[in-house]
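Asker: I am attaching a structure below and will ask some questions about it afterwards.
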Amino acid sequence: MQNPDRTTVREGAFGNATGLVCRACGAQQELGPHYACLECFGPLEVAYDFGTVTREQIEAGPKSIWRYQPLLPVPTDIAAFPNTDPGFTRLVKADNLARELGLKTLWVKDDSGNPTHSFKDRVVAVALSAARELGMTVLACPSTGNLANAVAAAAARAGIKSVVFIPENLERPKILTTAVYGGTLVAVRGNYDDVNKLASEIAGEEEGWAFVNVNVRPYYAEGSKTLAYETAEQLGWRLPEQVVIPVASGSQLTKVDKGFTELGRLGLVEPTPYKIFGAQATGCSPVAQAFREGHDVVRPVKPDTIAKSLAIGNPADGPYVLDTCRRTGGAVEDVSDDEVRDGIQLLARTEGIFAETAGGVTIATLKKLLASGQLDPDAETVVFNTGDGLKTLDAIADRVGPAATIDPTYTAFTAADLV
Ligand SMILES: Cc1ncc(COP(=O)(O)O)c(C=O)c1O
Ligand SMILES: [Zn+2]
């Protein structure tokens with residue numbers, strides 16, 4: 001890293017951030033490599049004093065998440081450090097899918113366009129900045145796949161060491177698309193929750209290791225706010241009325257809410273009401289179950305689903321997802337693996353967007369929420385496609401393929417009666 005010997009944090013290292021605050025009890029801590037409250041062990045999040053931030057200031061910035069630098073815990077010279085420059089992905093008006101589902105206005109925020117093809121590049125870029133500013137020398141993570149890609153690529157680009165831990169049964173493309181970046185990839189005999197436990201243990205032992213989603217999690221999580229900022233900016237500085245978001249640990253969903261709220265408070269958008277909906281696969285749906293049963297706590301489950309990127313049985317932000325969805329008037333729903341496959345095909349067939357299983361979960365949940373009347377078909381709706389279908393080809397491998405295999409002659413083509 002640039003400043004491995006640093007013992008004190010430089011002025012402005014975290015931009016407009018002023019400290020860390022406990023999400024459970026509100027106790028405050030200094031900015032630093034902290035992630036748990038000293039009073040109650042609750043999770044910490046970043047607090048700010050934004051001052052004035054204008055649309056013009058943002059619009060003059062780079063076409064990446066760094067245009068929102070004043071709203072993130074990163075320094076003003078962030079763009080000078082090598083990173084993958086994620087963000088500013090397309091917001092697609094999904095008229096065909098809207099028509100098919102009976103929705104008036106639907107948008108797909110397509111985050112498969114990020115450098116390693118998932119929204120995880122956003123969170124990793126912010127975590128990398130924190131790690132560098134704190135003088136940490138190794139970028140690490142436990143991952144369900146997409147985070148592994150993003151950490152390995154960001155570390156390669158930054159010229160630092162990466163150590164990535166994954167469950168051994170991860171999809172092969174996600175293993176290869178991590179290993180290719182040349183860091184250390186460790187396959188662990190166990191599921192993600194086992195991998196996560198191991199990572200926490202190593203984080204406690206190894207000096208200078210930044211586990212992006214463990215010991216620098218407060219900074220990492222802030223990266224997801226950029227999904228909210230971009231969506232609002234691309235809608236012409238407005239908030240949508242309904243958003244459907246996939247849930248694994250639940251971090252992304254809660255930070256999209258934080259992002260929308262901040263935009264309203266800063267006067268960058270009209271603070272109009274919005275509802276946030278969470279999407280899970282039935283084979284790993286601890287938050288959806290808790291939502292249905294009216295519980296405030298989430299009971300851990302053992303995941304068994306094709307949506308491996310969302311297969312976190314003990315989600316760290318589960319209770320905060322419940323709170324966000326209930327407070328905004330949304331819901332958390334789950335869908336079967338077959339519905340996930342249907343969802344992938346539906347989005348591909350109607351909009352030409354090939355989502356990974358997490359996107360299949362989100363589209364299938366959108367459909368289910370509409371059918372059950374929980375989503376308003378007349379309200380402007382945004383769904384997040386957070387990952388790329390090329391990483392989870394097995395999900396649809398038995399369902400799609402050539403219409404026929406023919407000899408290379410016109411006669412053979414017409415005889416096959418294909419069109
Ligand atoms: C493609 C994709 N979408 C969504 C998520 C959910 O993220 P979170 O853990 O913030 O809920 C993940 C997590 O790994 C993911 O890989
Ligand atoms: Zn606390």
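Please note that chains go A, B, ... in the order of the structure tokens, that every chain numbers its residues from 1, and that ligands are numbered from 1 in the order shown.
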Report as a short mmCIF file (atom, residue, chain, number, x, y, z; two decimals) with N, CA, C and O atoms, in the first residue's frame which protein, DNA and RNA residues come within 10 Å of ligand 2, using only C-alpha atoms and all ligand atoms.

Answerer:
```
data_model
loop_
_atom_site.label_atom_id
_atom_site.label_comp_id
_atom_site.auth_asym_id
_atom_site.auth_seq_id
_atom_site.Cartn_x
_atom_site.Cartn_y
_atom_site.Cartn_z
N VAL A 21 -20.64 5.46 14.57
CA VAL A 21 -21.72 5.46 15.56
C VAL A 21 -22.37 4.08 15.60
O VAL A 21 -22.51 3.42 14.57
N CYS A 22 -22.71 3.64 16.81
CA CYS A 22 -23.30 2.30 16.97
C CYS A 22 -24.75 2.32 16.50
O CYS A 22 -25.54 3.17 16.92
N ARG A 23 -25.09 1.36 15.65
CA ARG A 23 -26.45 1.31 15.12
C ARG A 23 -27.43 0.80 16.18
O ARG A 23 -28.64 0.99 16.04
N ALA A 24 -26.92 0.15 17.21
CA ALA A 24 -27.81 -0.39 18.24
C ALA A 24 -28.05 0.62 19.37
O ALA A 24 -29.19 0.85 19.76
N CYS A 25 -26.96 1.25 19.90
CA CYS A 25 -27.14 2.09 21.09
C CYS A 25 -26.77 3.55 20.86
O CYS A 25 -26.94 4.38 21.74
N GLY A 26 -26.21 3.87 19.67
CA GLY A 26 -25.89 5.26 19.36
C GLY A 26 -24.57 5.76 19.94
O GLY A 26 -24.19 6.91 19.73
N ALA A 27 -23.82 4.90 20.64
CA ALA A 27 -22.51 5.32 21.18
C ALA A 27 -21.57 5.67 20.03
O ALA A 27 -21.66 5.09 18.94
N GLN A 28 -20.67 6.62 20.29
CA GLN A 28 -19.79 7.08 19.21
C GLN A 28 -18.36 6.62 19.42
O GLN A 28 -17.91 6.44 20.55
N GLN A 29 -17.66 6.44 18.30
CA GLN A 29 -16.24 6.08 18.33
C GLN A 29 -15.51 6.87 17.27
O GLN A 29 -16.11 7.31 16.29
N ALA A 36 -17.10 -2.86 15.87
CA ALA A 36 -18.06 -3.23 16.92
C ALA A 36 -18.05 -2.19 18.01
O ALA A 36 -17.01 -1.65 18.37
N CYS A 37 -19.23 -1.92 18.55
CA CYS A 37 -19.39 -0.92 19.60
C CYS A 37 -18.70 -1.36 20.89
O CYS A 37 -18.81 -2.52 21.29
N LEU A 38 -17.99 -0.44 21.51
CA LEU A 38 -17.30 -0.76 22.77
C LEU A 38 -18.29 -0.95 23.91
O LEU A 38 -18.00 -1.63 24.89
N GLU A 39 -19.47 -0.35 23.78
CA GLU A 39 -20.48 -0.43 24.85
C GLU A 39 -21.31 -1.71 24.75
O GLU A 39 -21.56 -2.37 25.75
N CYS A 40 -21.76 -2.04 23.51
CA CYS A 40 -22.75 -3.13 23.40
C CYS A 40 -22.42 -4.14 22.30
O CYS A 40 -23.22 -5.02 22.03
N PHE A 41 -21.23 -4.01 21.67
CA PHE A 41 -20.81 -4.90 20.58
C PHE A 41 -21.68 -4.77 19.33
O PHE A 41 -21.57 -5.57 18.41
N GLY A 42 -22.58 -3.78 19.29
CA GLY A 42 -23.43 -3.57 18.11
C GLY A 42 -22.58 -3.12 16.92
O GLY A 42 -21.43 -2.71 17.08
N PRO A 43 -23.15 -3.22 15.70
CA PRO A 43 -22.41 -2.81 14.50
C PRO A 43 -22.26 -1.29 14.39
O PRO A 43 -23.18 -0.55 14.76
N LEU A 44 -21.12 -0.85 13.91
CA LEU A 44 -20.88 0.59 13.76
C LEU A 44 -21.18 1.03 12.34
O LEU A 44 -21.02 0.26 11.40
#
```

Asker: Taking only C-alpha atoms and all ligand atoms into account, which residues have an atom no farther than 8 Å from ligand 1? I'd like them as a PyMOL selection string.

Answerer: chain A and resi 118-120+143-147+221+224+245-253+309-312+315+317+356-359+385-388

Asker: Compare A:Ile276, A:Leu31, A:Leu375, A:Cys141 by their minimum atom-to-atom distance to Arg327 of chain A, counting only C-alpha atoms, and give me the closest one.

Answerer: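 For Arg327 of chain A, the nearest of the given residues is A:Ile276.
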
Asker: Could you write out, as a ChimeraX atom specification, all the residues of segment 166-315 of chain A that DSSP marks as helix (DSSP H, G or I)?

Answerer: /A:172-179,192-205,217-222,225-234,251-265,286-293,308-310

Asker: Rank A:Val216, A:Val361, A:Ala152, A:Leu128 by their smallest atom-to-atom distance to Val186 of chain A, using only C-alpha atoms, and report the top residue only.

Answerer: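 Checking each of A:Val216, A:Val361, A:Ala152, A:Leu128 against Val186 of chain A, counting only C-alpha atoms, the winner is A:Ala152.
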
Asker: Which one of A:Ala355, A:Leu393, A:Val195, A:Val212 sits closest to Ala150 of chain A if you count only C-alpha atoms?

Answerer: A:Val212

Asker: Write out as a count of residues only all residues of segment 136-381 of chain A that backbone DSSP assigns to strand (DSSP E or B).

Answerer: 39

Asker: Between A:Ile65, A:Val92, A:Ala127, A:Leu134, single out the one closest to Val9 of chain A, counting only C-alpha atoms.

Answerer: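 For Val9 of chain A, the nearest of the given residues is A:Leu134.
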
Asker: Identify which of the residues A:Val151, A:Ala403, A:Ala158, A:Val74 lies closest to Glu133 of chain A, counting only C-alpha atoms when measuring atom-to-atom distances.

Answerer: A:Val74

Asker: Nearest residue to Arg55 of chain A out of A:Val340, A:Val256, A:Ala232, A:Ala156, using only C-alpha atoms?

Answerer: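 Nearest to Arg55 of chain A: A:Ala232.
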
Asker: Skip segment 295-306 of chain A itself and residues of its chain fewer than 2 positions away, then list as a list of chain:residue names all residues within 7 Å of it, counting only C-alpha atoms.

Answerer: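 Here the qualifying residues turn out to be A:Ala281, A:Gly283, A:Cys284, A:Pro286, A:Val287, A:Ala290, A:Phe291, A:Glu293, A:Lys308, A:Ala311, A:Ile312, A:Gly313, A:Asn314, A:Gly318, A:Pro319, A:Leu322, A:Asp337, A:Ala395.
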
Asker: Keeping C-alpha atoms, export the residues of the selection given above as a PDB file, in the first residue's frame.

Answerer:
```pdb
ATOM      1  CA  ALA A 281     -34.295 -17.517  -2.222  1.00  0.00           C
ATOM      2  CA  GLY A 283     -33.499 -22.170   0.332  1.00  0.00           C
ATOM      3  CA  CYS A 284     -31.907 -19.357   2.328  1.00  0.00           C
ATOM      4  CA  PRO A 286     -34.091 -16.281   7.188  1.00  0.00           C
ATOM      5  CA  VAL A 287     -35.054 -12.612   6.790  1.00  0.00           C
ATOM      6  CA  ALA A 290     -38.753 -13.408  10.201  1.00  0.00           C
ATOM      7  CA  PHE A 291     -40.665 -10.748   8.250  1.00  0.00           C
ATOM      8  CA  GLU A 293     -43.663 -14.196  11.332  1.00  0.00           C
ATOM      9  CA  LYS A 308     -25.208 -19.121  -3.849  1.00  0.00           C
ATOM     10  CA  ALA A 311     -26.534 -17.958   0.621  1.00  0.00           C
ATOM     11  CA  ILE A 312     -25.830 -16.361   3.989  1.00  0.00           C
ATOM     12  CA  GLY A 313     -27.715 -18.292   6.660  1.00  0.00           C
ATOM     13  CA  ASN A 314     -26.871 -15.883   9.496  1.00  0.00           C
ATOM     14  CA  GLY A 318     -30.955  -9.071   9.034  1.00  0.00           C
ATOM     15  CA  PRO A 319     -32.678  -7.122  11.854  1.00  0.00           C
ATOM     16  CA  LEU A 322     -36.618  -6.030   8.796  1.00  0.00           C
ATOM     17  CA  ASP A 337     -35.074 -22.114  -7.163  1.00  0.00           C
ATOM     18  CA  ALA A 395     -28.610 -22.237 -13.327  1.00  0.00           C
TER      19      ALA A 395
END
```

Asker: Write out as number ranges by chain each polymer residue whose atoms come within 9 Å of Leu103 of chain A, counting only C-alpha atoms; drop sequence neighbours fewer than 3 positions from it.

Answerer: A: 95, 97-100, 106, 370, 376-381

Asker: Please produce an output containing all heavy atoms for each residue in the selection, written as an mmCIF file, in the first residue's frame.

Answerer:
```cif
data_model
loop_
_atom_site.group_PDB
_atom_site.id
_atom_site.type_symbol
_atom_site.label_atom_id
_atom_site.label_comp_id
_atom_site.auth_asym_id
_atom_site.auth_seq_id
_atom_site.Cartn_x
_atom_site.Cartn_y
_atom_site.Cartn_z
ATOM 1 N N ASP A 95 -39.515 -1.507 -20.351
ATOM 2 C CA ASP A 95 -40.911 -1.431 -20.792
ATOM 3 C C ASP A 95 -41.500 -2.799 -21.145
ATOM 4 O O ASP A 95 -42.680 -3.054 -20.889
ATOM 5 C CB ASP A 95 -41.031 -0.496 -22.000
ATOM 6 C CG ASP A 95 -40.809 0.962 -21.600
ATOM 7 O OD1 ASP A 95 -40.935 1.263 -20.393
ATOM 8 O OD2 ASP A 95 -40.510 1.789 -22.482
ATOM 9 N N LEU A 97 -40.656 -5.795 -19.947
ATOM 10 C CA LEU A 97 -40.922 -6.550 -18.716
ATOM 11 C C LEU A 97 -42.091 -5.929 -17.945
ATOM 12 O O LEU A 97 -42.942 -6.642 -17.402
ATOM 13 C CB LEU A 97 -39.649 -6.575 -17.844
ATOM 14 C CG LEU A 97 -39.745 -7.331 -16.519
ATOM 15 C CD1 LEU A 97 -40.219 -8.768 -16.720
ATOM 16 C CD2 LEU A 97 -38.395 -7.319 -15.796
ATOM 17 N N ALA A 98 -42.141 -4.602 -17.944
ATOM 18 C CA ALA A 98 -43.243 -3.906 -17.255
ATOM 19 C C ALA A 98 -44.581 -4.338 -17.863
ATOM 20 O O ALA A 98 -45.529 -4.662 -17.140
ATOM 21 C CB ALA A 98 -43.065 -2.395 -17.381
ATOM 22 N N ARG A 99 -44.643 -4.363 -19.191
ATOM 23 C CA ARG A 99 -45.879 -4.750 -19.885
ATOM 24 C C ARG A 99 -46.268 -6.176 -19.507
ATOM 25 O O ARG A 99 -47.417 -6.459 -19.188
ATOM 26 C CB ARG A 99 -45.673 -4.631 -21.400
ATOM 27 C CG ARG A 99 -46.937 -4.393 -22.184
ATOM 28 C CD ARG A 99 -46.655 -4.129 -23.663
ATOM 29 N NE ARG A 99 -45.658 -3.099 -23.902
ATOM 30 C CZ ARG A 99 -44.477 -3.285 -24.493
ATOM 31 N NH1 ARG A 99 -44.135 -4.481 -24.939
ATOM 32 N NH2 ARG A 99 -43.627 -2.284 -24.669
ATOM 33 N N GLU A 100 -45.278 -7.057 -19.541
ATOM 34 C CA GLU A 100 -45.554 -8.470 -19.236
ATOM 35 C C GLU A 100 -46.057 -8.657 -17.793
ATOM 36 O O GLU A 100 -46.897 -9.506 -17.522
ATOM 37 C CB GLU A 100 -44.292 -9.305 -19.476
ATOM 38 C CG GLU A 100 -44.552 -10.765 -19.337
ATOM 39 C CD GLU A 100 -43.819 -11.633 -20.349
ATOM 40 O OE1 GLU A 100 -43.419 -11.131 -21.434
ATOM 41 O OE2 GLU A 100 -43.664 -12.817 -20.060
ATOM 42 N N LEU A 106 -41.196 0.619 -14.913
ATOM 43 C CA LEU A 106 -40.186 -0.238 -14.284
ATOM 44 C C LEU A 106 -38.807 0.081 -14.838
ATOM 45 O O LEU A 106 -38.625 0.256 -16.049
ATOM 46 C CB LEU A 106 -40.513 -1.717 -14.549
ATOM 47 C CG LEU A 106 -39.505 -2.743 -14.034
ATOM 48 C CD1 LEU A 106 -39.439 -2.742 -12.507
ATOM 49 C CD2 LEU A 106 -39.854 -4.150 -14.533
ATOM 50 N N LEU A 370 -45.985 -8.495 -6.899
ATOM 51 C CA LEU A 370 -47.058 -7.902 -7.707
ATOM 52 C C LEU A 370 -48.297 -8.773 -7.657
ATOM 53 O O LEU A 370 -49.424 -8.283 -7.470
ATOM 54 C CB LEU A 370 -46.594 -7.754 -9.161
ATOM 55 C CG LEU A 370 -45.828 -6.487 -9.502
ATOM 56 C CD1 LEU A 370 -45.157 -6.635 -10.861
ATOM 57 C CD2 LEU A 370 -46.759 -5.271 -9.489
ATOM 58 N N ASP A 376 -47.381 -2.025 -5.674
ATOM 59 C CA ASP A 376 -48.400 -1.265 -6.399
ATOM 60 C C ASP A 376 -48.007 -1.186 -7.881
ATOM 61 O O ASP A 376 -46.960 -0.634 -8.212
ATOM 62 C CB ASP A 376 -48.466 0.145 -5.782
ATOM 63 C CG ASP A 376 -49.432 1.054 -6.512
ATOM 64 O OD1 ASP A 376 -50.037 0.605 -7.512
ATOM 65 O OD2 ASP A 376 -49.567 2.214 -6.081
ATOM 66 N N PRO A 377 -48.822 -1.746 -8.785
ATOM 67 C CA PRO A 377 -48.451 -1.754 -10.210
ATOM 68 C C PRO A 377 -48.384 -0.361 -10.826
ATOM 69 O O PRO A 377 -47.776 -0.178 -11.885
ATOM 70 C CB PRO A 377 -49.550 -2.602 -10.862
ATOM 71 C CG PRO A 377 -50.690 -2.583 -9.904
ATOM 72 C CD PRO A 377 -50.102 -2.413 -8.534
ATOM 73 N N ASP A 378 -49.001 0.603 -10.161
ATOM 74 C CA ASP A 378 -49.005 1.968 -10.705
ATOM 75 C C ASP A 378 -47.865 2.828 -10.168
ATOM 76 O O ASP A 378 -47.694 3.971 -10.598
ATOM 77 C CB ASP A 378 -50.343 2.658 -10.388
ATOM 78 C CG ASP A 378 -51.490 1.986 -11.136
ATOM 79 O OD1 ASP A 378 -51.250 1.560 -12.287
ATOM 80 O OD2 ASP A 378 -52.579 1.861 -10.567
ATOM 81 N N ALA A 379 -47.105 2.318 -9.221
ATOM 82 C CA ALA A 379 -46.013 3.110 -8.628
ATOM 83 C C ALA A 379 -44.706 2.854 -9.377
ATOM 84 O O ALA A 379 -44.427 1.716 -9.788
ATOM 85 C CB ALA A 379 -45.850 2.747 -7.163
ATOM 86 N N GLU A 380 -43.919 3.907 -9.557
ATOM 87 C CA GLU A 380 -42.643 3.768 -10.280
ATOM 88 C C GLU A 380 -41.707 2.849 -9.480
ATOM 89 O O GLU A 380 -41.445 3.080 -8.305
ATOM 90 C CB GLU A 380 -41.993 5.133 -10.469
ATOM 91 C CG GLU A 380 -40.727 5.048 -11.292
ATOM 92 C CD GLU A 380 -40.228 6.420 -11.721
ATOM 93 O OE1 GLU A 380 -40.157 7.318 -10.861
ATOM 94 O OE2 GLU A 380 -39.913 6.583 -12.917
ATOM 95 N N THR A 381 -41.215 1.818 -10.164
ATOM 96 C CA THR A 381 -40.478 0.754 -9.472
ATOM 97 C C THR A 381 -39.090 0.564 -10.067
ATOM 98 O O THR A 381 -38.913 0.609 -11.289
ATOM 99 C CB THR A 381 -41.276 -0.568 -9.586
ATOM 100 O OG1 THR A 381 -42.599 -0.338 -9.076
ATOM 101 C CG2 THR A 381 -40.617 -1.690 -8.812
#
```

Asker: Neighbouring residues of segment 89-91 of chain A were defined as those with any atom within 10 Å, considering only C-alpha atoms; residues of the same chain fewer than 6 positions away were excluded. Please report them as a ChimeraX atom specification.

Answerer: /A:63-65,107-114,119,227,230-231,234-235,382-384

Asker: So how far away is atom CA of Gly87 of chain A from atom CA of Val53 of chain A, in Å?

Answerer: 19.4 Å

Asker: Report the distance between atom CA of Leu418 of chain A and atom CA of Ile406 of chain A in Å, rounded to one decimal place.

Answerer: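 Computed distance, atom CA of Leu418 of chain A to atom CA of Ile406 of chain A, equals 10.8 Å.
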